[in-house]
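Okay, structure first, notes after.
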Amino acid sequence: MAENAKAAGTKDVRGTAAGQRGGGETVFTPRTDIFETDDAIVVIADMPGVNKASLEITLEENILTVTGRVEPERLEGSTQTHREFQVGNYHRTFTLSDAVSREGIDARVKDGELRLTLPKFGPTRARKIPVQGD
Amino acid sequence: MVWRGFTHPWDPWGELNEVEEEMSHLFAGAYGGAGHDYPPLNIWTNAEGAIAIAEVPGIPPDQLEVSVINDTLILRGSRVPEELPAGSHYHRRERGFGRFTRSVRLPFRVAQDKVEARVRDGMVRVRIPRDVTDRPQRIAVHEA
């Protein structure tokens with residue numbers, strides 16, 4: 001499985017600012033772990049502020065795209081006096097290899113953490129071809 | 001800002017940073033390398049107090065401890081690494097794990113019994129009211 005995060009912009013504590021949208025909105029590449037088990041590839045991404053309603057996952061051919069929307073918070077009547085993280089949307093794409101089944105992809109989000117389970121095709125069994133005699 | 005002096009502007013947040021450096025511990029994993037404390041924190045303030053918001057993705061509320069000692073807010077917690085089934089291997093590891101402690105001293109007296117913390121979607125939000133006796137009071141001006 002390859003990963004196509006866009007070229008890095010400025011580094012942020014939460015991820016990498018992948019680019020700016022037309023409106024000057026910052027888009028972050030979520031920090032991600034990917035591991036492979038016997039029967040699946042598991043992707044875990046940190047997306048604080050994202051929940052089921054604000055998360056969109058699409059699969060087009062072999063490109064899996066994850067987008068999470070986070071509304072910047074403005075606290076009325078308060079001033080931001082200290083800032084260590086920026087608030088913005090998340091975006092990351094992954095290229096699936098042929099070993100991954102397009103069916104049965106499972107996505108769960110909890111506590112701002114996305115977990116994608118991509119099942120692998122079962123091991124290809126060597127098939128014995130019977131040879132017919134005359 | 002309400003606690004700024006008239007003639008000599010005082011930046012209480014400058015002082016806050018020093019306290020952080022002394023007391024915070026970096027997450028065991030890589031969080032952007034040295035210089036970043038975990039969890040990252042944003043603070044909003046007004047005359048009534050402050051709201052501190054921190055990003056704590058993947059940390060269940062029961063693994064997070066929020067406390068206030070005197071005027072210092074302390075966030076403690078841990079994120080446990082995933083136990084991989086036998087025969088598994090990582091292709092990519094970018095997320096950090098481990099225990100963390102983050103301390104921030106507020107530049108006002110805190111009404112400790114009124115501090116509230118909520119965790120939602122991997123964000124913790126702590127409302128830290130300023131003690132009433134410490135709040136600026138408007139002085140009525142009378143005509144002589």
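FYI, nothing fancy with the structure tokens labels: chains A, B, ... in order, residues from 1 per chain, ligands from 1 as they appear.
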Return as CSV the residues of chain A lying at most 10 Å from chain B, together with the closest atom-to-atom pair for each and the distance in Å to one decimal, counting only C-alpha atoms, with rows in chain order and ascending residue number.
```
residue,atom,partner,partner_atom,distance
A:Met1,CA,B:His91,CA,8.3
A:Ala2,CA,B:His91,CA,9.3
A:Glu3,CA,B:Arg92,CA,9.5
A:Lys11,CA,B:Gly32,CA,7.6
A:Asp12,CA,B:Gly32,CA,7.2
A:Val13,CA,B:Gly32,CA,5.7
A:Arg14,CA,B:Tyr31,CA,7.6
A:Gly15,CA,B:Gly32,CA,8.1
A:Thr16,CA,B:Gly32,CA,9.5
A:Pro30,CA,B:Glu94,CA,9.1
A:Arg31,CA,B:Glu94,CA,5.4
A:Thr32,CA,B:Glu94,CA,5.4
A:Asp33,CA,B:Arg93,CA,4.4
A:Ile34,CA,B:Arg92,CA,5.0
A:Phe35,CA,B:Tyr90,CA,4.1
A:Glu36,CA,B:Ser88,CA,5.4
A:Thr37,CA,B:Ser88,CA,4.3
A:Asp38,CA,B:Ser88,CA,6.6
A:Asp39,CA,B:Ser88,CA,9.5
A:Ala40,CA,B:Ser88,CA,9.5
A:Ile41,CA,B:His91,CA,9.4
A:Val42,CA,B:Tyr90,CA,9.4
A:Val43,CA,B:Arg92,CA,9.2
A:Ile44,CA,B:Arg95,CA,8.8
A:Ala45,CA,B:Arg95,CA,8.0
A:Asp46,CA,B:Pro57,CA,5.7
A:Met47,CA,B:Pro57,CA,6.5
A:Pro48,CA,B:Gly122,CA,4.7
A:Gly49,CA,B:Asp121,CA,5.1
A:Val50,CA,B:Asp121,CA,6.0
A:Asn51,CA,B:Asp121,CA,6.0
A:Lys52,CA,B:Asp121,CA,9.5
A:Arg74,CA,B:Trp44,CA,9.2
A:Leu75,CA,B:Trp44,CA,7.4
A:Glu76,CA,B:Asn46,CA,9.6
A:Gly77,CA,B:Asn46,CA,6.8
A:Ser78,CA,B:Asn46,CA,4.8
A:Thr79,CA,B:Trp44,CA,5.3
A:Gln80,CA,B:Trp44,CA,4.2
A:Thr81,CA,B:Trp44,CA,5.6
A:His82,CA,B:Ile43,CA,4.9
A:Arg83,CA,B:Asn42,CA,4.5
A:Glu84,CA,B:Pro40,CA,5.4
A:Phe85,CA,B:Pro40,CA,6.0
A:Gln86,CA,B:Asn42,CA,8.6
A:Val109,CA,B:Asp121,CA,8.6
A:Lys110,CA,B:Asp121,CA,6.6
A:Asp111,CA,B:Asp121,CA,4.3
A:Gly112,CA,B:Gly122,CA,4.2
A:Glu113,CA,B:Gly58,CA,5.1
A:Leu114,CA,B:Gly58,CA,8.6
```
For C-alpha atoms, I'd like the residues from the last selection saved as a short mmCIF file (atom, residue, chain, number, x, y, z; two decimals), in the first residue's frame.
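Written file, selection_10.cif:
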```cif
data_model
loop_
_atom_site.label_atom_id
_atom_site.label_comp_id
_atom_site.auth_asym_id
_atom_site.auth_seq_id
_atom_site.Cartn_x
_atom_site.Cartn_y
_atom_site.Cartn_z
CA MET A 1 0.00 0.00 0.00
CA ALA A 2 1.45 3.30 -1.04
CA GLU A 3 0.59 6.59 0.47
CA LYS A 11 5.11 21.41 9.96
CA ASP A 12 2.49 21.44 12.64
CA VAL A 13 2.29 19.63 15.96
CA ARG A 14 -0.69 17.73 14.67
CA GLY A 15 0.41 16.88 11.20
CA THR A 16 1.66 18.52 8.13
CA PRO A 30 -3.33 13.43 9.77
CA ARG A 31 -0.57 11.46 11.48
CA THR A 32 -1.10 7.87 10.47
CA ASP A 33 0.05 4.38 11.40
CA ILE A 34 -0.35 1.57 8.89
CA PHE A 35 0.17 -2.05 9.78
CA GLU A 36 -0.46 -5.32 8.05
CA THR A 37 -1.81 -8.45 9.64
CA ASP A 38 -2.32 -11.86 8.05
CA ASP A 39 -5.71 -10.92 6.70
CA ALA A 40 -5.93 -7.12 6.60
CA ILE A 41 -4.21 -3.79 6.32
CA VAL A 42 -5.11 -1.46 9.18
CA VAL A 43 -4.83 2.32 8.94
CA ILE A 44 -5.11 4.43 12.10
CA ALA A 45 -5.18 8.20 11.76
CA ASP A 46 -5.24 10.93 14.42
CA MET A 47 -8.04 13.33 13.56
CA PRO A 48 -8.95 15.25 16.70
CA GLY A 49 -12.25 17.09 16.37
CA VAL A 50 -13.59 14.72 13.73
CA ASN A 51 -16.59 12.45 14.28
CA LYS A 52 -18.82 10.22 12.19
CA ARG A 74 -14.27 31.09 17.81
CA LEU A 75 -15.12 31.81 21.40
CA GLU A 76 -17.29 34.89 21.54
CA GLY A 77 -16.03 37.53 23.91
CA SER A 78 -12.66 35.81 24.40
CA THR A 79 -9.21 36.40 23.00
CA GLN A 80 -6.88 33.63 21.98
CA THR A 81 -3.88 34.19 24.20
CA HIS A 82 -1.92 31.03 23.52
CA ARG A 83 -1.82 28.88 20.40
CA GLU A 84 0.03 25.65 19.76
CA PHE A 85 -2.21 24.04 17.19
CA GLN A 86 -4.21 25.26 14.27
CA VAL A 109 -14.04 6.74 14.32
CA LYS A 110 -13.81 7.13 18.08
CA ASP A 111 -12.17 9.75 20.30
CA GLY A 112 -10.92 11.59 17.21
CA GLU A 113 -9.11 8.51 15.91
CA LEU A 114 -10.02 6.87 12.61
#
```
**OP:** Identify all residues of segment 59-102 of chain B in strand (DSSP E) (DSSP on the backbone) and supply them as number ranges by chain.
**Re:** B: 64-69, 72-79, 89-92, 98-102
Original post:
When distances are computed from only C-alpha atoms, which of A:Lys120, A:His91, A:Arg115, A:Arg69 shows the smallest separation from Glu103 of chain A?
Top reply: A:Lys120
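Residues surrounding Gln112 of chain B within 12 Å are Gly49, Val66, Ser67, Val68, Ile69, Asn70, Asp71, Thr72, Leu73, Leu106, Val126, Arg127, Ile128, Pro129, Arg130, Asp131 and Val132 of chain B [only C-alpha atoms; sequence separation below 6 positions excluded].
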Selection above as a file: N, CA and C atoms, as an mmCIF file, in the first residue's frame:
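Okay, selection.cif is ready:
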```cif
data_model
loop_
_atom_site.group_PDB
_atom_site.id
_atom_site.type_symbol
_atom_site.label_atom_id
_atom_site.label_comp_id
_atom_site.auth_asym_id
_atom_site.auth_seq_id
_atom_site.Cartn_x
_atom_site.Cartn_y
_atom_site.Cartn_z
ATOM 1 N N GLY B 49 -12.258 34.367 32.959
ATOM 2 C CA GLY B 49 -11.381 33.213 33.111
ATOM 3 C C GLY B 49 -10.799 32.775 31.785
ATOM 4 N N VAL B 66 -7.561 15.475 34.520
ATOM 5 C CA VAL B 66 -7.445 16.934 34.494
ATOM 6 C C VAL B 66 -7.521 17.410 35.931
ATOM 7 N N SER B 67 -6.541 18.203 36.371
ATOM 8 C CA SER B 67 -6.602 18.709 37.733
ATOM 9 C C SER B 67 -6.079 20.136 37.792
ATOM 10 N N VAL B 68 -6.439 20.815 38.869
ATOM 11 C CA VAL B 68 -5.943 22.168 39.085
ATOM 12 C C VAL B 68 -5.353 22.214 40.483
ATOM 13 N N ILE B 69 -4.087 22.604 40.566
ATOM 14 C CA ILE B 69 -3.454 22.769 41.867
ATOM 15 C C ILE B 69 -3.019 24.220 41.942
ATOM 16 N N ASN B 70 -3.542 24.907 42.907
ATOM 17 C CA ASN B 70 -3.380 26.357 42.986
ATOM 18 C C ASN B 70 -3.811 26.969 41.663
ATOM 19 N N ASP B 71 -2.908 27.596 40.953
ATOM 20 C CA ASP B 71 -3.311 28.219 39.694
ATOM 21 C C ASP B 71 -2.732 27.479 38.497
ATOM 22 N N THR B 72 -2.385 26.221 38.706
ATOM 23 C CA THR B 72 -1.774 25.450 37.622
ATOM 24 C C THR B 72 -2.718 24.355 37.138
ATOM 25 N N LEU B 73 -2.948 24.371 35.847
ATOM 26 C CA LEU B 73 -3.769 23.333 35.219
ATOM 27 C C LEU B 73 -2.845 22.183 34.825
ATOM 28 N N LEU B 106 -1.883 29.493 35.167
ATOM 29 C CA LEU B 106 -2.762 30.553 34.699
ATOM 30 C C LEU B 106 -2.375 31.872 35.357
ATOM 31 N N VAL B 126 -11.252 22.566 28.769
ATOM 32 C CA VAL B 126 -11.307 22.834 30.216
ATOM 33 C C VAL B 126 -11.701 24.289 30.437
ATOM 34 N N ARG B 127 -12.790 24.471 31.166
ATOM 35 C CA ARG B 127 -13.240 25.832 31.491
ATOM 36 C C ARG B 127 -12.678 26.174 32.871
ATOM 37 N N ILE B 128 -11.917 27.254 32.927
ATOM 38 C CA ILE B 128 -11.210 27.601 34.156
ATOM 39 C C ILE B 128 -11.659 28.998 34.595
ATOM 40 N N PRO B 129 -12.688 29.068 35.444
ATOM 41 C CA PRO B 129 -13.155 30.393 35.853
ATOM 42 C C PRO B 129 -12.167 31.083 36.790
ATOM 43 N N ARG B 130 -12.111 32.350 36.635
ATOM 44 C CA ARG B 130 -11.254 33.159 37.491
ATOM 45 C C ARG B 130 -11.978 33.383 38.825
ATOM 46 N N ASP B 131 -11.256 33.325 39.893
ATOM 47 C CA ASP B 131 -11.853 33.543 41.208
ATOM 48 C C ASP B 131 -12.487 34.935 41.257
ATOM 49 N N VAL B 132 -13.693 34.991 41.827
ATOM 50 C CA VAL B 132 -14.446 36.254 41.830
ATOM 51 C C VAL B 132 -13.644 37.383 42.463
#
```
